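Dropping entry00.txt in here (compact mmCIF, C-alpha atoms and all ligand atoms):
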```txt
# COMPACT_ATOMS: atom_id res chain seq x y z
CA MET B 1 80.67 80.57 106.02
CA ARG B 2 80.94 79.98 102.26
CA ILE B 3 83.49 82.01 100.34
CA ALA B 4 83.96 82.62 96.60
CA LEU B 5 87.38 83.86 95.48
CA LEU B 6 87.86 86.11 92.47
CA GLY B 7 91.59 85.70 91.79
CA TYR B 8 93.93 82.99 93.02
CA GLY B 9 97.43 84.45 92.85
CA ASN B 10 99.80 85.22 95.73
CA ALA B 11 97.11 86.66 98.00
CA GLY B 12 94.45 84.04 97.16
CA ARG B 13 96.77 81.12 97.77
CA ALA B 14 98.02 82.57 101.06
CA LEU B 15 94.43 83.18 102.21
CA ALA B 16 93.38 79.63 101.30
CA ALA B 17 96.34 78.26 103.30
CA LEU B 18 95.43 80.42 106.30
CA ILE B 19 91.77 79.33 106.17
CA GLN B 20 92.95 75.72 106.08
CA LYS B 21 95.25 76.29 109.07
CA LYS B 22 92.50 77.90 111.20
CA ARG B 23 89.62 75.69 110.02
CA ARG B 24 88.82 74.27 113.49
CA ALA B 25 88.25 77.68 115.11
CA PHE B 26 86.78 79.33 112.00
CA PRO B 27 84.65 77.05 109.81
CA PHE B 28 85.17 78.92 106.53
CA ARG B 29 84.82 77.05 103.24
CA ILE B 30 86.00 78.18 99.80
CA VAL B 31 83.26 76.99 97.44
CA GLY B 32 84.51 78.52 94.20
CA ILE B 33 87.60 80.13 92.64
CA HIS B 34 87.62 82.08 89.38
CA THR B 35 90.82 83.22 87.63
CA ALA B 36 91.76 84.92 84.35
CA ARG B 37 93.86 82.19 82.70
CA HIS B 38 93.82 79.15 84.99
CA GLY B 39 90.08 78.48 84.72
CA THR B 40 87.40 78.11 87.39
CA ALA B 41 86.96 75.61 90.23
CA TYR B 42 83.79 74.80 92.19
CA ASP B 43 83.22 72.49 95.14
CA SER B 44 80.43 73.09 97.63
CA ASN B 45 82.34 70.91 100.14
CA GLY B 46 85.46 73.07 99.86
CA VAL B 47 87.90 73.58 96.98
CA ALA B 48 91.33 71.95 97.51
CA LEU B 49 94.39 74.14 98.13
CA GLU B 50 95.70 73.04 94.73
CA PRO B 51 92.39 73.29 92.88
CA ASP B 52 91.43 71.14 89.96
CA PHE B 53 90.56 74.02 87.65
CA GLY B 54 87.98 73.33 84.95
CA PRO B 55 87.09 75.55 82.01
CA ALA B 56 86.69 79.22 82.91
CA ALA B 57 83.18 80.48 83.67
CA ARG B 58 82.08 82.67 80.74
CA SER B 59 81.64 85.65 83.03
CA VAL B 60 81.93 86.70 86.65
CA ASP B 61 78.10 86.74 86.77
CA GLU B 62 78.00 83.10 85.72
CA PHE B 63 80.69 82.25 88.29
CA LEU B 64 78.89 84.02 91.15
CA ASP B 65 75.56 82.42 90.26
CA ARG B 66 77.08 78.95 90.33
CA ALA B 67 79.38 79.43 93.36
CA ALA B 68 76.69 79.99 96.00
CA SER B 69 78.65 81.87 98.67
CA ASP B 70 77.94 84.20 101.57
CA VAL B 71 81.02 86.31 100.87
CA VAL B 72 82.98 87.22 97.74
CA VAL B 73 86.70 87.94 98.17
CA GLU B 74 87.95 90.19 95.34
CA ILE B 75 91.69 89.69 94.86
CA THR B 76 92.26 90.15 91.15
CA THR B 77 95.04 92.26 89.67
CA LEU B 78 95.15 95.95 90.56
CA ASN B 79 94.39 98.53 87.90
CA PRO B 80 95.13 101.83 89.67
CA ALA B 81 94.05 103.92 86.67
CA THR B 82 90.43 102.69 86.58
CA GLY B 83 89.79 100.27 89.46
CA GLU B 84 88.38 97.80 86.92
CA PRO B 85 87.52 94.98 86.54
CA ALA B 86 87.44 94.71 90.35
CA LEU B 87 84.87 97.52 90.62
CA SER B 88 82.40 95.62 88.41
CA HIS B 89 83.17 92.37 90.25
CA ILE B 90 82.23 93.99 93.57
CA ARG B 91 79.00 95.40 92.09
CA ALA B 92 78.13 91.96 90.71
CA ALA B 93 78.55 90.57 94.25
CA PHE B 94 76.40 93.34 95.80
CA ALA B 95 73.70 92.67 93.18
CA ARG B 96 73.49 89.12 94.57
CA ARG B 97 73.48 90.40 98.17
CA ARG B 98 76.85 88.90 98.94
CA HIS B 99 79.23 90.46 101.46
CA VAL B 100 82.50 91.63 99.91
CA VAL B 101 86.05 91.54 101.28
CA THR B 102 88.88 92.86 99.13
CA ALA B 103 92.62 93.56 99.17
CA ASN B 104 92.29 95.38 95.85
CA LYS B 105 92.91 99.10 96.29
CA GLY B 106 91.50 100.05 92.88
CA PRO B 107 87.79 100.08 93.75
CA ILE B 108 88.26 101.95 97.07
CA ALA B 109 90.63 104.42 95.45
CA HIS B 110 88.12 105.14 92.68
CA ALA B 111 84.63 104.75 94.09
CA TYR B 112 84.66 104.30 97.87
CA THR B 113 81.72 106.56 98.66
CA ALA B 114 79.52 105.02 95.96
CA LEU B 115 80.45 101.45 96.95
CA ARG B 116 79.79 102.14 100.64
CA SER B 117 76.25 103.36 99.80
CA GLU B 118 75.63 100.46 97.42
CA ALA B 119 76.71 97.96 100.12
CA GLN B 120 74.37 99.66 102.61
CA ARG B 121 71.46 99.51 100.16
CA ALA B 122 72.16 95.82 99.51
CA GLY B 123 72.36 95.21 103.29
CA VAL B 124 75.82 93.64 103.06
CA ALA B 125 79.25 94.25 104.57
CA PHE B 126 82.11 95.74 102.57
CA ARG B 127 85.60 95.31 104.10
CA PHE B 128 89.02 96.24 102.78
CA GLU B 129 91.52 96.26 105.70
CA SER B 130 94.33 94.71 103.64
CA THR B 131 94.27 97.38 100.89
CA VAL B 132 96.83 99.41 102.87
CA MET B 133 99.67 97.85 104.93
CA ASP B 134 98.38 94.30 104.55
CA GLY B 135 96.88 93.07 107.82
CA ALA B 136 98.08 95.93 110.03
CA PRO B 137 94.90 97.48 111.45
CA ILE B 138 94.39 100.97 110.07
CA PHE B 139 90.69 101.24 109.23
CA ASN B 140 89.74 98.94 112.11
CA LEU B 141 91.98 100.94 114.45
CA VAL B 142 90.33 104.24 113.55
CA HIS B 143 86.76 102.98 113.29
CA LYS B 144 86.76 100.66 116.28
CA THR B 145 89.14 102.27 118.77
CA LEU B 146 89.29 106.02 118.13
CA PRO B 147 85.73 107.29 118.72
CA GLY B 148 85.16 110.89 117.69
CA VAL B 149 88.68 111.28 116.32
CA LYS B 150 89.08 113.15 113.05
CA VAL B 151 92.00 112.21 110.83
CA ARG B 152 93.41 115.49 109.52
CA GLY B 153 96.25 114.03 107.50
CA PHE B 154 98.76 111.24 107.06
CA THR B 155 102.37 110.57 106.13
CA GLY B 156 103.39 107.14 104.92
CA VAL B 157 106.06 104.96 103.38
CA LEU B 158 103.83 102.26 101.99
CA ASN B 159 105.37 100.55 98.97
CA SER B 160 107.54 97.52 99.69
CA THR B 161 108.79 97.16 96.11
CA CYS B 162 110.24 100.68 96.15
CA GLN B 163 111.89 100.02 99.52
CA VAL B 164 113.49 96.81 98.25
CA VAL B 165 114.66 98.57 95.05
CA ILE B 166 116.09 101.55 96.98
CA GLU B 167 117.91 99.22 99.38
CA ALA B 168 119.34 97.22 96.45
CA MET B 169 120.53 100.47 94.82
CA ARG B 170 122.22 101.56 98.06
CA LYS B 171 124.27 98.38 97.65
CA GLY B 172 125.08 99.27 94.02
CA ALA B 173 122.53 97.03 92.24
CA SER B 174 120.48 98.22 89.24
CA MET B 175 116.78 99.13 89.24
CA GLU B 176 116.03 95.88 87.33
CA ASP B 177 117.89 93.73 89.91
CA GLY B 178 116.00 95.50 92.70
CA ILE B 179 112.65 94.83 91.00
CA GLU B 180 113.60 91.18 90.57
CA ALA B 181 114.46 90.93 94.29
CA ALA B 182 111.05 92.43 95.16
CA ARG B 183 109.30 90.06 92.75
CA ARG B 184 110.90 87.09 94.51
CA LEU B 185 109.33 88.32 97.77
CA GLY B 186 105.89 88.28 96.09
CA VAL B 187 105.18 91.95 96.94
CA THR B 188 105.34 93.45 93.44
CA GLU B 189 102.25 94.28 91.42
CA ALA B 190 101.85 92.20 88.24
CA ASP B 191 103.09 95.30 86.37
CA ALA B 192 106.05 96.57 88.47
CA SER B 193 105.85 100.03 86.89
CA TYR B 194 102.74 100.59 89.03
CA ASP B 195 105.03 100.38 92.07
CA ILE B 196 108.03 102.26 90.63
CA ASP B 197 106.00 105.12 89.13
CA GLY B 198 104.14 105.68 92.40
CA TRP B 199 100.72 104.48 91.18
CA ASP B 200 100.40 101.88 93.93
CA THR B 201 101.27 104.50 96.57
CA ALA B 202 98.88 107.00 94.96
CA ALA B 203 96.14 104.35 95.09
CA LYS B 204 96.88 103.77 98.80
CA ALA B 205 96.86 107.54 99.46
CA ALA B 206 93.49 107.79 97.70
CA VAL B 207 92.15 104.90 99.81
CA LEU B 208 93.36 106.54 103.05
CA ALA B 209 91.95 109.93 102.06
CA ASN B 210 88.60 108.53 100.86
CA VAL B 211 88.02 106.28 103.87
CA LEU B 212 89.57 108.28 106.73
CA MET B 213 89.14 111.88 105.53
CA ASP B 214 85.96 111.59 103.46
CA ALA B 215 87.78 112.84 100.37
CA ARG B 216 86.32 111.96 97.00
CA VAL B 217 89.49 111.55 95.02
CA THR B 218 90.99 109.00 92.68
CA PRO B 219 94.70 108.18 92.17
CA LEU B 220 94.56 110.43 89.09
CA ASP B 221 93.95 113.47 91.34
CA ILE B 222 97.17 112.90 93.29
CA ASP B 223 100.30 114.88 92.60
CA ARG B 224 102.55 111.86 91.90
CA ARG B 225 106.19 111.21 91.06
CA GLY B 226 107.85 107.81 91.54
CA ILE B 227 111.42 106.55 91.94
CA GLY B 228 111.95 105.83 88.21
CA ARG B 229 114.80 108.33 87.86
CA LEU B 230 116.86 107.06 90.80
CA THR B 231 120.24 105.47 90.03
CA PRO B 232 122.74 103.48 92.15
CA GLU B 233 125.20 106.36 91.64
CA ARG B 234 122.76 108.89 93.13
CA MET B 235 122.03 106.58 96.06
CA SER B 236 125.75 106.15 96.73
CA GLU B 237 126.25 109.96 96.67
CA LEU B 238 123.37 110.43 99.13
CA SER B 239 124.63 107.76 101.53
CA LYS B 240 127.98 109.56 101.77
CA SER B 241 126.10 112.55 103.24
CA ARG B 242 124.00 110.25 105.48
CA LYS B 243 120.88 110.65 103.45
CA THR B 244 118.57 108.27 101.68
CA VAL B 245 115.40 108.28 99.59
CA ALA B 246 111.93 106.94 100.33
CA LEU B 247 108.70 107.08 98.34
CA VAL B 248 106.57 109.11 100.73
CA CYS B 249 102.86 109.89 100.50
CA ARG B 250 101.43 112.85 102.33
CA GLY B 251 97.83 113.93 102.85
CA ARG B 252 96.75 117.17 104.58
CA THR B 253 93.47 118.92 105.23
CA ARG B 254 93.81 122.54 104.14
CA PRO B 255 91.16 125.29 104.11
CA SER B 256 91.21 124.92 100.30
CA GLY B 257 90.60 121.15 100.50
CA ILE B 258 92.60 117.95 100.91
CA ARG B 259 96.13 118.02 99.43
CA LEU B 260 97.66 114.69 98.42
CA ARG B 261 101.17 114.05 97.17
CA VAL B 262 103.45 111.11 96.38
CA ARG B 263 107.16 111.86 95.99
CA ALA B 264 110.58 110.22 96.15
CA GLU B 265 111.84 112.37 99.06
CA VAL B 266 115.46 112.79 100.14
CA LEU B 267 115.56 112.14 103.90
CA ASP B 268 118.22 112.33 106.60
CA ASP B 269 119.22 108.83 107.75
CA THR B 270 117.89 109.79 111.20
CA ASP B 271 114.36 110.57 109.94
CA PRO B 272 111.90 107.90 111.20
CA LEU B 273 110.62 107.55 107.61
CA ALA B 274 114.19 106.63 106.54
CA SER B 275 114.29 103.74 109.01
CA ILE B 276 111.79 101.80 106.88
CA ARG B 277 113.56 99.01 105.05
CA GLY B 278 112.57 96.11 102.83
CA THR B 279 108.96 95.05 103.23
CA SER B 280 108.38 97.14 106.35
CA ASN B 281 105.88 100.01 106.11
CA LEU B 282 105.17 103.02 108.31
CA LEU B 283 102.12 105.25 108.51
CA PHE B 284 101.57 108.30 110.68
CA LEU B 285 98.00 109.48 111.16
CA HIS B 286 97.69 113.14 112.15
CA THR B 287 94.52 113.55 114.20
CA ASP B 288 92.59 116.20 116.15
CA LEU B 289 92.29 114.37 119.50
CA MET B 290 95.17 111.89 119.50
CA GLY B 291 97.97 113.96 118.00
CA THR B 292 100.10 111.89 115.66
CA LEU B 293 99.76 108.14 115.84
CA GLY B 294 102.22 105.76 114.15
CA ILE B 295 101.44 102.30 112.79
CA SER B 296 104.32 100.17 111.62
CA GLU B 297 104.35 96.80 109.94
CA VAL B 298 107.71 95.08 110.30
CA SER B 299 108.82 92.86 107.41
CA GLY B 300 105.30 92.35 106.10
CA GLY B 301 104.63 89.72 103.49
CA ILE B 302 101.88 87.85 101.78
CA GLU B 303 100.90 86.08 105.05
CA GLN B 304 100.05 89.49 106.51
CA THR B 305 97.93 90.33 103.45
CA ALA B 306 96.14 87.03 103.94
CA PHE B 307 95.62 87.89 107.62
CA GLY B 308 94.04 91.24 106.66
CA LEU B 309 91.55 89.39 104.45
CA PHE B 310 91.01 86.77 107.14
CA SER B 311 90.33 89.37 109.85
CA ASP B 312 87.70 90.97 107.58
CA LEU B 313 86.13 87.54 107.02
CA VAL B 314 85.99 86.97 110.78
CA ASP B 315 84.19 90.32 111.15
CA VAL B 316 81.71 89.41 108.42
CA ALA B 317 81.09 86.00 110.01
CA LYS B 318 80.02 87.79 113.22
CA LEU B 319 77.24 89.56 111.27
CA LYS B 320 75.68 86.34 110.07
N1 LIG L 401 100.67 90.57 96.96
C1 LIG L 401 100.59 91.44 97.97
O1 LIG L 401 101.49 91.54 98.82
C2 LIG L 401 99.36 92.31 98.14
C3 LIG L 401 99.22 93.09 99.29
C4 LIG L 401 98.06 93.87 99.47
C5 LIG L 401 97.12 93.91 98.44
N2 LIG L 401 97.30 93.15 97.31
C6 LIG L 401 96.28 93.22 96.25
O2 LIG L 401 95.64 91.94 96.15
C7 LIG L 401 95.28 91.71 94.79
C8 LIG L 401 95.86 90.37 94.36
O3 LIG L 401 97.27 90.42 94.49
P1 LIG L 401 98.16 89.14 94.13
O4 LIG L 401 99.54 89.45 94.57
O5 LIG L 401 97.49 87.91 94.61
O6 LIG L 401 98.08 89.20 92.51
P2 LIG L 401 98.47 88.05 91.48
O7 LIG L 401 99.40 87.07 92.12
O8 LIG L 401 98.88 88.73 90.23
O9 LIG L 401 97.06 87.28 91.23
C9 LIG L 401 95.98 87.91 90.60
C10 LIG L 401 94.91 86.86 90.39
O10 LIG L 401 93.78 87.52 89.77
C11 LIG L 401 93.35 86.75 88.67
N3 LIG L 401 92.69 87.66 87.73
C12 LIG L 401 93.20 88.73 87.08
N4 LIG L 401 92.25 89.33 86.34
C13 LIG L 401 91.12 88.61 86.52
C14 LIG L 401 89.79 88.71 86.02
N5 LIG L 401 89.45 89.68 85.17
N6 LIG L 401 88.88 87.78 86.42
C15 LIG L 401 89.20 86.80 87.26
N7 LIG L 401 90.45 86.64 87.79
C16 LIG L 401 91.38 87.55 87.41
C17 LIG L 401 94.60 86.10 88.12
O11 LIG L 401 94.27 84.98 87.31
P3 LIG L 401 95.42 84.02 86.69
O12 LIG L 401 96.00 83.27 87.87
O13 LIG L 401 94.70 83.08 85.80
O14 LIG L 401 96.38 84.93 86.02
C18 LIG L 401 95.30 85.73 89.43
O15 LIG L 401 94.80 84.50 89.92
C19 LIG L 401 95.80 92.91 93.97
O16 LIG L 401 94.73 93.80 93.75
C20 LIG L 401 96.84 93.52 94.87
O17 LIG L 401 96.97 94.92 94.67
C21 LIG L 401 98.38 92.34 97.14
```

Can you give me the file's structure in the form of structure tokens?
Amino acid sequence: MRIALLGYGNAGRALAALIQKKRRAFPFRIVGIHTARHGTAYDSNGVALEPDFGPAARSVDEFLDRAASDVVVEITTLNPATGEPALSHIRAAFARRRHVVTANKGPIAHAYTALRSEAQRAGVAFRFESTVMDGAPIFNLVHKTLPGVKVRGFTGVLNSTCQVVIEAMRKGASMEDGIEAARRLGVTEADASYDIDGWDTAAKAAVLANVLMDARVTPLDIDRRGIGRLTPERMSELSKSRKTVALVCRGRTRPSGIRLRVRAEVLDDTDPLASIRGTSNLLFLHTDLMGTLGISEVSGGIEQTAFGLFSDLVDVAKLK
């Protein structure tokens, strides 16, 4: 199966390494890579892990026309406020009847319902497992293993950067030092304020609500407050009374509609949500037939994001 990559940062490089590692069992080939500043690489026999980038294609349309692929993997930078340019990239792929796999939350958070219909009309697959909790199965779990189940709500601690920052502050470090520690782990968005101000979590909440609860919301509709006002002093005070803070997102179906909220919540140390440290994430799905179901990713990293993309590619390959 031929793959074109839009974006070759942390996630792109980890995916390329994983494809290389599993090439005997899964004959996937990356035939083109397009980036913002590094240029564009093409090779119908497979682009090297350290690509020899040439001049950048003048547009994504030009890139997609030249990189003849079966699937387009969209892994450019997140813009939680608009979903662009990823949204247009995905539409350009659909227009060429290419399957799309993405880890970019923006498009699903902004236009899931429209994109799902457009993919159906184009007769292609559209997969996005790694948009929330990397490769931990959430959408696959619900769609493939919970027939007839309705998701009524969710509660999640889903932003690794905030967890790393909060943990650093518990040890007396500053917000900036915490962000730097998260950056070294490769889990921070290009603009860390997206993590700290709760935008990344709001985008994930919008993805969960749109896909699992048929909401038609965007991150802008979510009642959002991040961890920007936290200080090491406040964290130290809280730990003395066996409390901590986590950036929690909550979604609920109410008679008036779906309520979505992102907040830095003060939690007892014994609360399961407070047990989430570092790059671990926890999501509870509240359902009609299965009660509450928890999915936890322990010490996730970029390899797990790559796995989420890879598992979607394996699914797409089965359709061919
Ligand atoms: N990192 C994670 O743990 C993780 C987890 C789940 C989901 N994601 C999502 O995966 C996506 C990629 O994350 P990342 O960590 O790999 O980001 P990254 O390291 O910042 O890489 C982004 C890549 O996108 C390219 N790019 C940006 N704008 C572009 C444009 N307009 N056209 C073409 N290429 C463009 C950049 O080009 P240059 O290299 O030339 O700058 C870079 O190669 C994001 O949407 C993120 O939210 C990441």

Which one is closest to ligand LIG 401 (chain L): B:Arg91, B:Arg183, B:His143, B:His110? Count only C-alpha atoms and all ligand atoms.
B:Arg183

Could I get the residue neighbourhood of ligand LIG 401 (chain L) at 6 Å, counting all atoms listed in the file, as number ranges by chain?
B: 6-12, 34-38, 75-78, 85, 103-104, 130-131, 134, 186-187, 190, 301-302, 305

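Rounded to one decimal, atom CA of B:Val266 and atom CA of B:Leu220 lie 23.8 Å from each other.
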
Go through stretch 23-114 of chain B residue by residue and, counting all atoms listed in the file, keep those with an atom at most 10 Å from stretch 194-199 of chain B; for each kept residue give the shortest atom pair and its distance in Å to one decimal, ordered by chain and increasing number, as JSON lines.
```
{"residue": "B:Leu78", "atom": "CA", "partner": "B:Tyr194", "partner_atom": "CA", "distance": 9.0}
{"residue": "B:Asn79", "atom": "CA", "partner": "B:Tyr194", "partner_atom": "CA", "distance": 8.7}
{"residue": "B:Pro80", "atom": "CA", "partner": "B:Trp199", "partner_atom": "CA", "distance": 6.4}
{"residue": "B:Ala81", "atom": "CA", "partner": "B:Trp199", "partner_atom": "CA", "distance": 8.1}
```

Can you work out the spacing between atom CA of B:Arg250 and atom CA of B:Ser296 in Å, to one decimal?
16.0 Å

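Residue nearest B:Gly46 within the list B:Arg2, B:Arg24, B:Arg66, B:Arg225: B:Arg2 [criterion: smallest interatomic distance, only C-alpha atoms].
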
Within 10 Å of B:Thr270, counting all atoms listed in the file, which residues show up once you throw out same-chain ones fewer than 5 positions away? Write them as a count of residues only, please.
4
